[in-house]
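Asks: My structure is in upload-v4.txt, and what it holds is compact mmCIF, C-alpha atoms:
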# COMPACT_ATOMS: atom_id res chain seq x y z
CA MET A 1 -47.58 160.98 -126.69
CA PHE A 2 -50.44 163.02 -128.07
CA GLN A 3 -53.10 161.80 -130.49
CA ILE A 4 -53.94 163.60 -133.73
CA PHE A 5 -57.51 162.33 -133.53
CA SER A 6 -59.20 160.22 -130.91
CA VAL A 7 -60.67 156.76 -131.34
CA LYS A 8 -63.61 156.17 -128.98
CA LYS A 9 -64.05 152.47 -129.70
CA THR A 10 -61.29 150.02 -128.89
CA VAL A 11 -60.39 147.87 -131.89
CA ASN A 12 -59.70 144.21 -131.21
CA PHE A 13 -56.42 143.98 -133.13
CA LEU A 14 -55.34 140.81 -131.36
CA ARG A 15 -58.35 138.95 -132.75
CA HIS A 16 -56.26 138.32 -135.85
CA ALA A 17 -52.99 137.82 -133.98
CA MET A 18 -52.80 134.04 -134.30
CA PRO A 19 -53.24 133.72 -138.11
CA ILE A 20 -50.95 136.69 -138.74
CA SER A 21 -48.33 135.26 -136.38
CA ILE A 22 -48.48 131.96 -138.27
CA MET A 23 -48.06 133.89 -141.53
CA SER A 24 -45.02 135.66 -140.05
CA MET A 25 -43.46 132.34 -139.04
CA VAL A 26 -44.04 130.99 -142.55
CA LEU A 27 -42.41 134.10 -144.04
CA VAL A 28 -39.39 133.77 -141.74
CA ILE A 29 -38.95 130.06 -142.54
CA ALA A 30 -39.37 130.73 -146.28
CA SER A 31 -36.79 133.53 -146.02
CA PHE A 32 -34.27 131.22 -144.36
CA VAL A 33 -34.88 128.56 -147.02
CA SER A 34 -34.41 131.06 -149.84
CA LEU A 35 -31.29 132.52 -148.23
CA GLY A 36 -29.86 129.02 -147.85
CA VAL A 37 -30.76 127.82 -151.37
CA GLN A 38 -30.52 130.92 -153.58
CA GLY A 39 -28.48 133.20 -151.36
CA ILE A 40 -28.32 136.94 -151.94
CA ASN A 41 -27.62 138.62 -155.26
CA TRP A 42 -24.65 140.65 -154.05
CA GLY A 43 -23.94 143.88 -155.89
CA LEU A 44 -20.52 145.00 -157.08
CA ASP A 45 -19.96 146.77 -153.75
CA PHE A 46 -19.63 143.32 -152.18
CA THR A 47 -18.39 141.12 -155.04
CA GLY A 48 -15.79 143.56 -156.35
CA GLY A 49 -15.45 144.98 -159.84
CA THR A 50 -14.56 148.05 -161.89
CA VAL A 51 -16.38 151.39 -161.76
CA VAL A 52 -16.16 153.82 -164.68
CA GLU A 53 -17.59 157.34 -164.39
CA MET A 54 -18.10 159.29 -167.61
CA GLU A 55 -19.44 162.73 -168.52
CA PHE A 56 -21.26 163.18 -171.84
CA SER A 57 -21.58 166.49 -173.66
CA ALA A 58 -25.38 166.09 -173.75
CA PRO A 59 -27.98 164.02 -171.86
CA VAL A 60 -27.68 160.39 -172.91
CA ASP A 61 -30.32 157.68 -173.17
CA LEU A 62 -29.15 154.84 -170.93
CA ASN A 63 -31.02 152.22 -172.95
CA VAL A 64 -29.19 153.28 -176.09
CA LEU A 65 -25.86 153.18 -174.23
CA ARG A 66 -26.60 149.69 -172.93
CA ALA A 67 -27.48 148.53 -176.44
CA THR A 68 -24.07 149.62 -177.72
CA MET A 69 -22.20 147.57 -175.10
CA THR A 70 -22.38 144.34 -177.07
CA SER A 71 -18.76 143.27 -176.73
CA ASP A 72 -17.76 140.34 -174.53
CA GLU A 73 -15.65 142.65 -172.33
CA ALA A 74 -18.66 144.76 -171.38
CA GLU A 75 -20.93 141.82 -170.56
CA GLY A 76 -22.73 142.19 -167.24
CA ALA A 77 -22.22 145.98 -167.08
CA VAL A 78 -24.60 147.95 -164.88
CA VAL A 79 -25.31 151.41 -166.39
CA GLN A 80 -26.93 154.21 -164.37
CA ASN A 81 -26.99 157.97 -164.10
CA PHE A 82 -24.76 159.53 -161.48
CA GLY A 83 -26.03 162.96 -160.51
CA SER A 84 -27.15 164.66 -163.73
CA SER A 85 -28.44 163.07 -166.93
CA ARG A 86 -25.05 163.74 -168.56
CA ASP A 87 -23.07 161.84 -165.91
CA VAL A 88 -23.07 158.06 -166.24
CA LEU A 89 -21.67 155.40 -163.93
CA VAL A 90 -20.86 151.96 -165.33
CA ARG A 91 -20.15 149.04 -163.00
CA LEU A 92 -18.36 146.00 -164.38
CA PRO A 93 -18.16 142.65 -162.56
CA VAL A 94 -14.87 140.89 -161.86
CA ARG A 95 -14.00 138.35 -164.55
CA SER A 96 -10.94 136.19 -164.07
CA GLU A 97 -10.33 135.77 -167.81
CA LEU A 98 -10.32 139.52 -168.50
CA LYS A 99 -8.23 142.42 -167.29
CA SER A 100 -10.05 145.45 -165.97
CA ASP A 101 -8.26 147.68 -168.50
CA ALA A 102 -9.87 145.74 -171.36
CA GLN A 103 -13.29 146.15 -169.76
CA VAL A 104 -12.80 149.90 -169.33
CA GLU A 105 -11.64 150.24 -172.95
CA ALA A 106 -14.75 148.41 -174.19
CA VAL A 107 -17.02 150.74 -172.20
CA LEU A 108 -15.28 153.87 -173.50
CA THR A 109 -15.47 152.60 -177.07
CA ALA A 110 -19.20 152.06 -176.74
CA ALA A 111 -19.66 155.52 -175.18
CA GLN A 112 -17.62 157.24 -177.90
CA SER A 113 -19.79 155.65 -180.57
CA ILE A 114 -22.68 157.68 -179.13
CA ASP A 115 -20.84 160.86 -178.13
CA ALA A 116 -17.33 161.58 -179.39
CA GLY A 117 -16.90 164.23 -176.70
CA VAL A 118 -17.42 161.88 -173.75
CA VAL A 119 -14.90 162.37 -170.93
CA GLN A 120 -13.68 159.65 -168.60
CA LYS A 121 -13.78 161.20 -165.12
CA ARG A 122 -12.95 158.29 -162.84
CA VAL A 123 -11.97 154.63 -162.88
CA GLU A 124 -11.90 152.58 -159.68
CA PHE A 125 -11.28 148.90 -159.09
CA VAL A 126 -12.64 147.03 -156.06
CA GLY A 127 -11.08 143.64 -155.54
CA PRO A 128 -13.10 140.56 -154.51
CA GLN A 129 -11.36 140.49 -151.12
CA VAL A 130 -12.42 144.06 -150.36
CA GLY A 131 -15.98 143.23 -151.39
CA LYS A 132 -15.99 140.18 -149.11
CA GLU A 133 -14.82 142.30 -146.19
CA LEU A 134 -17.61 144.81 -146.89
CA ALA A 135 -20.18 142.01 -146.81
CA GLU A 136 -18.83 140.70 -143.50
CA GLN A 137 -18.70 144.17 -141.96
CA GLY A 138 -22.21 144.96 -143.19
CA GLY A 139 -23.62 141.80 -141.60
CA LEU A 140 -21.70 142.58 -138.42
CA ALA A 141 -23.16 146.10 -138.38
CA VAL A 142 -26.71 144.70 -138.41
CA ILE A 143 -25.93 142.18 -135.65
CA VAL A 144 -24.26 144.82 -133.45
CA ALA A 145 -27.23 147.15 -133.98
CA LEU A 146 -29.65 144.43 -132.82
CA ILE A 147 -27.50 143.65 -129.77
CA CYS A 148 -27.27 147.33 -128.77
CA ILE A 149 -31.03 147.69 -129.20
CA LEU A 150 -31.58 144.61 -127.02
CA ILE A 151 -29.45 146.16 -124.26
CA TYR A 152 -31.23 149.51 -124.52
CA VAL A 153 -34.75 148.06 -124.53
CA SER A 154 -33.89 145.69 -121.67
CA PHE A 155 -33.01 148.67 -119.47
CA ARG A 156 -36.07 150.68 -120.51
CA PHE A 157 -38.74 147.98 -120.45
CA GLU A 158 -39.60 144.77 -118.66
CA TRP A 159 -37.80 141.78 -120.19
CA ARG A 160 -40.96 140.36 -121.78
CA LEU A 161 -41.47 143.57 -123.74
CA ALA A 162 -37.76 143.67 -124.59
CA ALA A 163 -37.92 140.14 -125.99
CA GLY A 164 -40.92 141.07 -128.11
CA SER A 165 -39.23 144.16 -129.57
CA VAL A 166 -36.02 142.32 -130.50
CA ALA A 167 -38.04 139.46 -132.03
CA ALA A 168 -39.94 142.01 -134.13
CA LEU A 169 -36.70 143.63 -135.31
CA ALA A 170 -35.15 140.29 -136.24
CA HIS A 171 -38.39 139.38 -138.04
CA ASP A 172 -38.27 142.60 -140.09
CA VAL A 173 -34.64 142.11 -141.13
CA ILE A 174 -35.07 138.42 -142.02
CA VAL A 175 -38.26 138.93 -144.06
CA THR A 176 -36.76 141.90 -145.96
CA LEU A 177 -33.63 139.88 -146.76
CA GLY A 178 -35.86 136.97 -147.78
CA VAL A 179 -37.74 139.09 -150.32
CA PHE A 180 -34.45 140.27 -151.82
CA SER A 181 -33.31 136.65 -152.00
CA VAL A 182 -36.52 135.28 -153.54
CA LEU A 183 -36.69 138.01 -156.19
CA GLN A 184 -32.89 138.04 -156.59
CA LEU A 185 -32.81 141.83 -156.28
CA GLU A 186 -29.32 143.30 -156.22
CA PHE A 187 -28.05 143.88 -152.69
CA ASP A 188 -25.55 146.74 -152.48
CA LEU A 189 -24.46 149.26 -149.87
CA THR A 190 -27.57 151.42 -150.38
CA VAL A 191 -29.76 148.40 -149.56
CA LEU A 192 -27.70 147.78 -146.43
CA ALA A 193 -28.27 151.41 -145.43
CA GLY A 194 -32.00 150.90 -146.03
CA LEU A 195 -31.96 147.77 -143.88
CA LEU A 196 -30.38 149.65 -140.96
CA THR A 197 -32.94 152.42 -141.44
CA VAL A 198 -35.72 149.84 -141.24
CA VAL A 199 -34.33 148.63 -137.90
CA GLY A 200 -34.52 152.15 -136.47
CA TYR A 201 -37.97 152.82 -137.93
CA SER A 202 -39.44 149.58 -136.62
CA LEU A 203 -37.90 150.11 -133.18
CA ASN A 204 -39.41 153.59 -132.93
CA ASP A 205 -42.86 152.27 -133.82
CA THR A 206 -42.57 149.45 -131.29
CA ILE A 207 -41.42 151.72 -128.46
CA VAL A 208 -44.34 154.10 -129.02
CA VAL A 209 -46.75 151.17 -128.60
CA TYR A 210 -44.82 149.82 -125.60
CA ASP A 211 -44.86 153.19 -123.82
CA ARG A 212 -48.64 153.29 -124.07
CA ILE A 213 -48.95 149.63 -122.98
CA ARG A 214 -46.87 150.30 -119.87
CA GLU A 215 -48.85 153.44 -119.10
CA ASN A 216 -52.21 151.69 -119.47
CA PHE A 217 -51.15 148.74 -117.34
CA LEU A 218 -50.65 151.23 -114.50
CA LYS A 219 -53.78 153.30 -115.21
CA MET A 220 -56.33 150.60 -116.04
CA ARG A 221 -57.04 148.71 -112.83
CA LYS A 222 -59.40 146.29 -114.55
CA GLY A 223 -58.98 144.48 -117.81
CA THR A 224 -57.06 141.51 -119.15
CA PRO A 225 -53.63 141.98 -120.74
CA GLU A 226 -55.24 141.45 -124.16
CA GLU A 227 -57.76 144.23 -123.51
CA ILE A 228 -55.07 146.61 -122.29
CA VAL A 229 -52.86 145.90 -125.31
CA ASN A 230 -55.80 146.40 -127.69
CA THR A 231 -56.60 149.70 -126.01
CA SER A 232 -52.97 150.82 -126.25
CA ILE A 233 -52.68 149.93 -129.94
CA THR A 234 -55.97 151.70 -130.68
CA GLN A 235 -54.79 154.85 -128.88
CA THR A 236 -51.53 154.96 -130.84
CA MET A 237 -53.06 153.99 -134.20
CA SER A 238 -53.65 157.59 -135.28
CA ARG A 239 -49.97 158.34 -134.80
CA THR A 240 -49.00 155.14 -136.64
CA VAL A 241 -51.27 155.85 -139.62
CA ILE A 242 -50.11 159.46 -140.04
CA THR A 243 -46.39 158.70 -139.52
CA THR A 244 -46.45 155.67 -141.82
CA GLY A 245 -48.51 157.50 -144.44
CA THR A 246 -46.23 160.52 -144.65
CA THR A 247 -43.16 158.29 -144.73
CA LEU A 248 -44.64 156.17 -147.50
CA ILE A 249 -45.32 159.24 -149.65
CA THR A 250 -41.64 160.14 -149.52
CA VAL A 251 -40.39 156.59 -150.03
CA ILE A 252 -42.73 155.94 -152.97
CA ALA A 253 -41.50 159.15 -154.58
CA LEU A 254 -37.91 157.93 -154.14
CA PHE A 255 -38.86 154.52 -155.53
CA LEU A 256 -40.55 155.94 -158.65
CA LYS A 257 -38.44 159.05 -159.35
CA GLY A 258 -35.23 158.60 -157.37
CA GLY A 259 -33.31 156.88 -160.14
CA THR A 260 -31.36 153.64 -160.28
CA MET A 261 -28.77 154.71 -157.73
CA ILE A 262 -31.20 154.63 -154.79
CA HIS A 263 -33.75 152.18 -156.17
CA GLY A 264 -32.52 149.40 -153.89
CA PHE A 265 -32.58 151.73 -150.88
CA ALA A 266 -36.18 152.73 -151.59
CA THR A 267 -37.20 149.09 -152.15
CA ALA A 268 -35.75 148.05 -148.78
CA LEU A 269 -37.56 150.93 -147.06
CA LEU A 270 -40.89 150.10 -148.71
CA LEU A 271 -40.65 146.49 -147.59
CA GLY A 272 -39.42 147.44 -144.13
CA ILE A 273 -42.18 149.98 -143.48
CA PHE A 274 -44.95 147.51 -144.29
CA VAL A 275 -43.37 144.64 -142.38
CA GLY A 276 -42.25 146.82 -139.46
CA THR A 277 -45.67 148.40 -138.96
CA TYR A 278 -47.57 145.16 -138.56
CA SER A 279 -44.75 143.44 -136.61
CA SER A 280 -45.04 146.10 -133.89
CA ILE A 281 -48.56 144.79 -133.23
CA TYR A 282 -48.61 141.14 -134.22
CA VAL A 283 -45.06 140.14 -133.32
CA ALA A 284 -43.80 142.44 -130.56
CA SER A 285 -47.00 142.98 -128.57
CA TYR A 286 -48.45 139.51 -129.14
CA LEU A 287 -45.20 137.80 -128.08
CA ALA A 288 -45.15 139.85 -124.87
CA ILE A 289 -48.66 138.59 -124.07
CA LYS A 290 -47.65 135.00 -124.80
CA LEU A 291 -44.72 135.44 -122.39
CA GLY A 292 -47.22 136.33 -119.67
CA ILE A 293 -46.96 140.10 -119.32
CA ASN A 294 -49.34 141.55 -116.70
CA ARG A 295 -49.85 144.57 -114.48
CA GLU A 296 -47.60 143.30 -111.67
CA HIS A 297 -44.63 143.28 -114.06
CA MET A 298 -45.13 146.99 -114.76
CA LEU A 299 -45.15 148.08 -111.13
CA PRO A 300 -41.96 149.74 -109.87
CA VAL A 301 -39.88 147.69 -107.48
CA GLU A 302 -40.51 148.73 -103.88
CA ILE A 303 -37.35 149.39 -101.88
CA GLU A 304 -37.76 148.43 -98.26
CA LYS A 305 -36.50 151.17 -95.99
CA GLU A 306 -34.20 150.30 -93.14
CA GLY A 307 -36.10 149.96 -89.88
CA ALA A 308 -39.50 149.87 -91.58
CA ASP A 309 -40.26 146.53 -89.93
CA GLN A 310 -39.49 147.79 -86.41
CA PRO A 311 -42.37 148.76 -84.09
CA SER A 312 -42.89 152.46 -83.70
CA MET A 313 -41.64 154.01 -80.42
CA MET A 314 -44.03 156.94 -80.69
CA PRO A 315 -46.81 157.05 -78.04
The structure in this file should be written as structure tokens.
Replies:
Amino acid sequence: MFQIFSVKKTVNFLRHAMPISIMSMVLVIASFVSLGVQGINWGLDFTGGTVVEMEFSAPVDLNVLRATMTSDEAEGAVVQNFGSSRDVLVRLPVRSELKSDAQVEAVLTAAQSIDAGVVQKRVEFVGPQVGKELAEQGGLAVIVALICILIYVSFRFEWRLAAGSVAALAHDVIVTLGVFSVLQLEFDLTVLAGLLTVVGYSLNDTIVVYDRIRENFLKMRKGTPEEIVNTSITQTMSRTVITTGTTLITVIALFLKGGTMIHGFATALLLGIFVGTYSSIYVASYLAIKLGINREHMLPVEIEKEGADQPSMMP
């Protein structure tokens, strides 16, 4: 792994490891409390509902369209652009006292009051049972991803490093979910995709640090584990700063200009990048040190050859 620029002085990152680790534990506990008390604000992808796609003859102001949906049937509608500024997607929640046809009719009536030439392109209904299955399968996808990562990292690294990486990944997922729960941000399929992306991003960052830690444990004959980890983090910091910076530029652009459709996705990525970057240092690496990682654990296992303990017969 090459460095874009070199850092001559080793930075003592682990000096702040204890207070930041305590902060991380507080965030995880607070996330669990919020998830247990408030839960997650599931989007229509998971709760079920009706989706109406319409095409207007001219670009439409979404705020004006929302203001026209004052009827009881259209209450709770989520209005967003779908593709161009003339295409609009309206999501309607499931309401037991109303039929979906009445909800669709109310939306079309409101749209026609703005543009008589509006065309209904698509109407889809997702039942609550289907939404519940999506939620279960989404949660299962995250769990399976973490298990597969645990297996992969366990084969590639010593178990103390593997435990640190999986703890960091779980930390990132829990804290991101906690923020969505505390702020009651809508959680839909795009957010789930962002969450899985965060898992991959955080894992990549952690493995880069771990590769350098393993390499330095073998190269640096002297030095405590803390000193070797600090050196490794310092050597990879240039890569971390440049990779994280360029990623953030793209994600911030998506967050500000990407539109409502991917706003949740961009929000999950923004949270995940910040949390995942510091967890690679103050959760993954620090936990490995607390588990007692040292140079002997990095040495390859010596395989005793048959007959090696026998005295030589050569004169």
Asks: Quick one: everything within 10 Å of Val37 in chain A, counting all atoms listed in the file, minus sequence neighbours fewer than 4 positions away in the same chain. Send it as a list in words.
Replies: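 Selected residues are Ser31, Phe32, Val33, Ser181 and Val182 of chain A.
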Asks: My list of candidates is A:Ser285, A:Thr246, A:Thr109, A:Asn204. Which is closest to Glu226 in chain A when distances are computed with only C-alpha atoms?
Replies: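 Looking at the shortest contact to Glu226 in chain A, the residue is A:Ser285.
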Asks: Counting all atoms listed in the file, figure out which residue out of A:Asn63, A:Thr247, A:Thr176, A:Asn81 gets nearest to Leu27 in chain A.
Replies: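 Among the listed residues, A:Thr176 lies closest to Leu27 in chain A.
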Asks: Taking into account all atoms listed in the file, which residue in the set A:Tyr282, A:Phe217, A:Tyr152, A:Trp42 is nearest to Ser21 in chain A?
Replies: A:Tyr282
Asks: Neighbours of range 290-292 of chain A within 12 Å (all atoms listed in the file; same-chain residues fewer than 6 positions away dropped), as a list in words?
Replies: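 What passes the distance filter is Leu14, Ala17, Met18, Ser21, Glu158, Trp159, Arg160, Leu161, Ala162, Ala163, Gly164, Thr224, Pro225, Glu226, Tyr282, Val283, Ala284 and Met298 of chain A.
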Asks: For a quick check of understanding, using all atoms listed in the file, which of A:Leu287, A:Val26, A:Val79, A:Leu169 has the smallest distance to Ile147 in chain A?
Replies: A:Leu169
Asks: Please measure the separation of CA of Asp101 in chain A and CA of Ala74 in chain A, giving the value in Å to one decimal.
Replies: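 About the pair CA of Asp101 in chain A and CA of Ala74 in chain A: they are 11.2 Å apart.
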Asks: Quote the spacing between CA of Gly276 in chain A and CA of Arg239 in chain A in Å to one decimal place.
Replies: 14.6 Å
Asks: Determine the nearest neighbour of Val173 in chain A from the options A:Thr10, A:Thr231, A:Gln112, A:Ser279, counting all atoms listed in the file.
Replies: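 Closest to Val173 in chain A of all the choices is A:Ser279.
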Asks: Rank A:Ile20, A:Val241, A:Ile143, A:Ile233 by their smallest atom-to-atom distance to Leu195 in chain A, using all atoms listed in the file, and report the top residue only.
Replies: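 That would be A:Ile143, the residue with the smallest distance to Leu195 in chain A.
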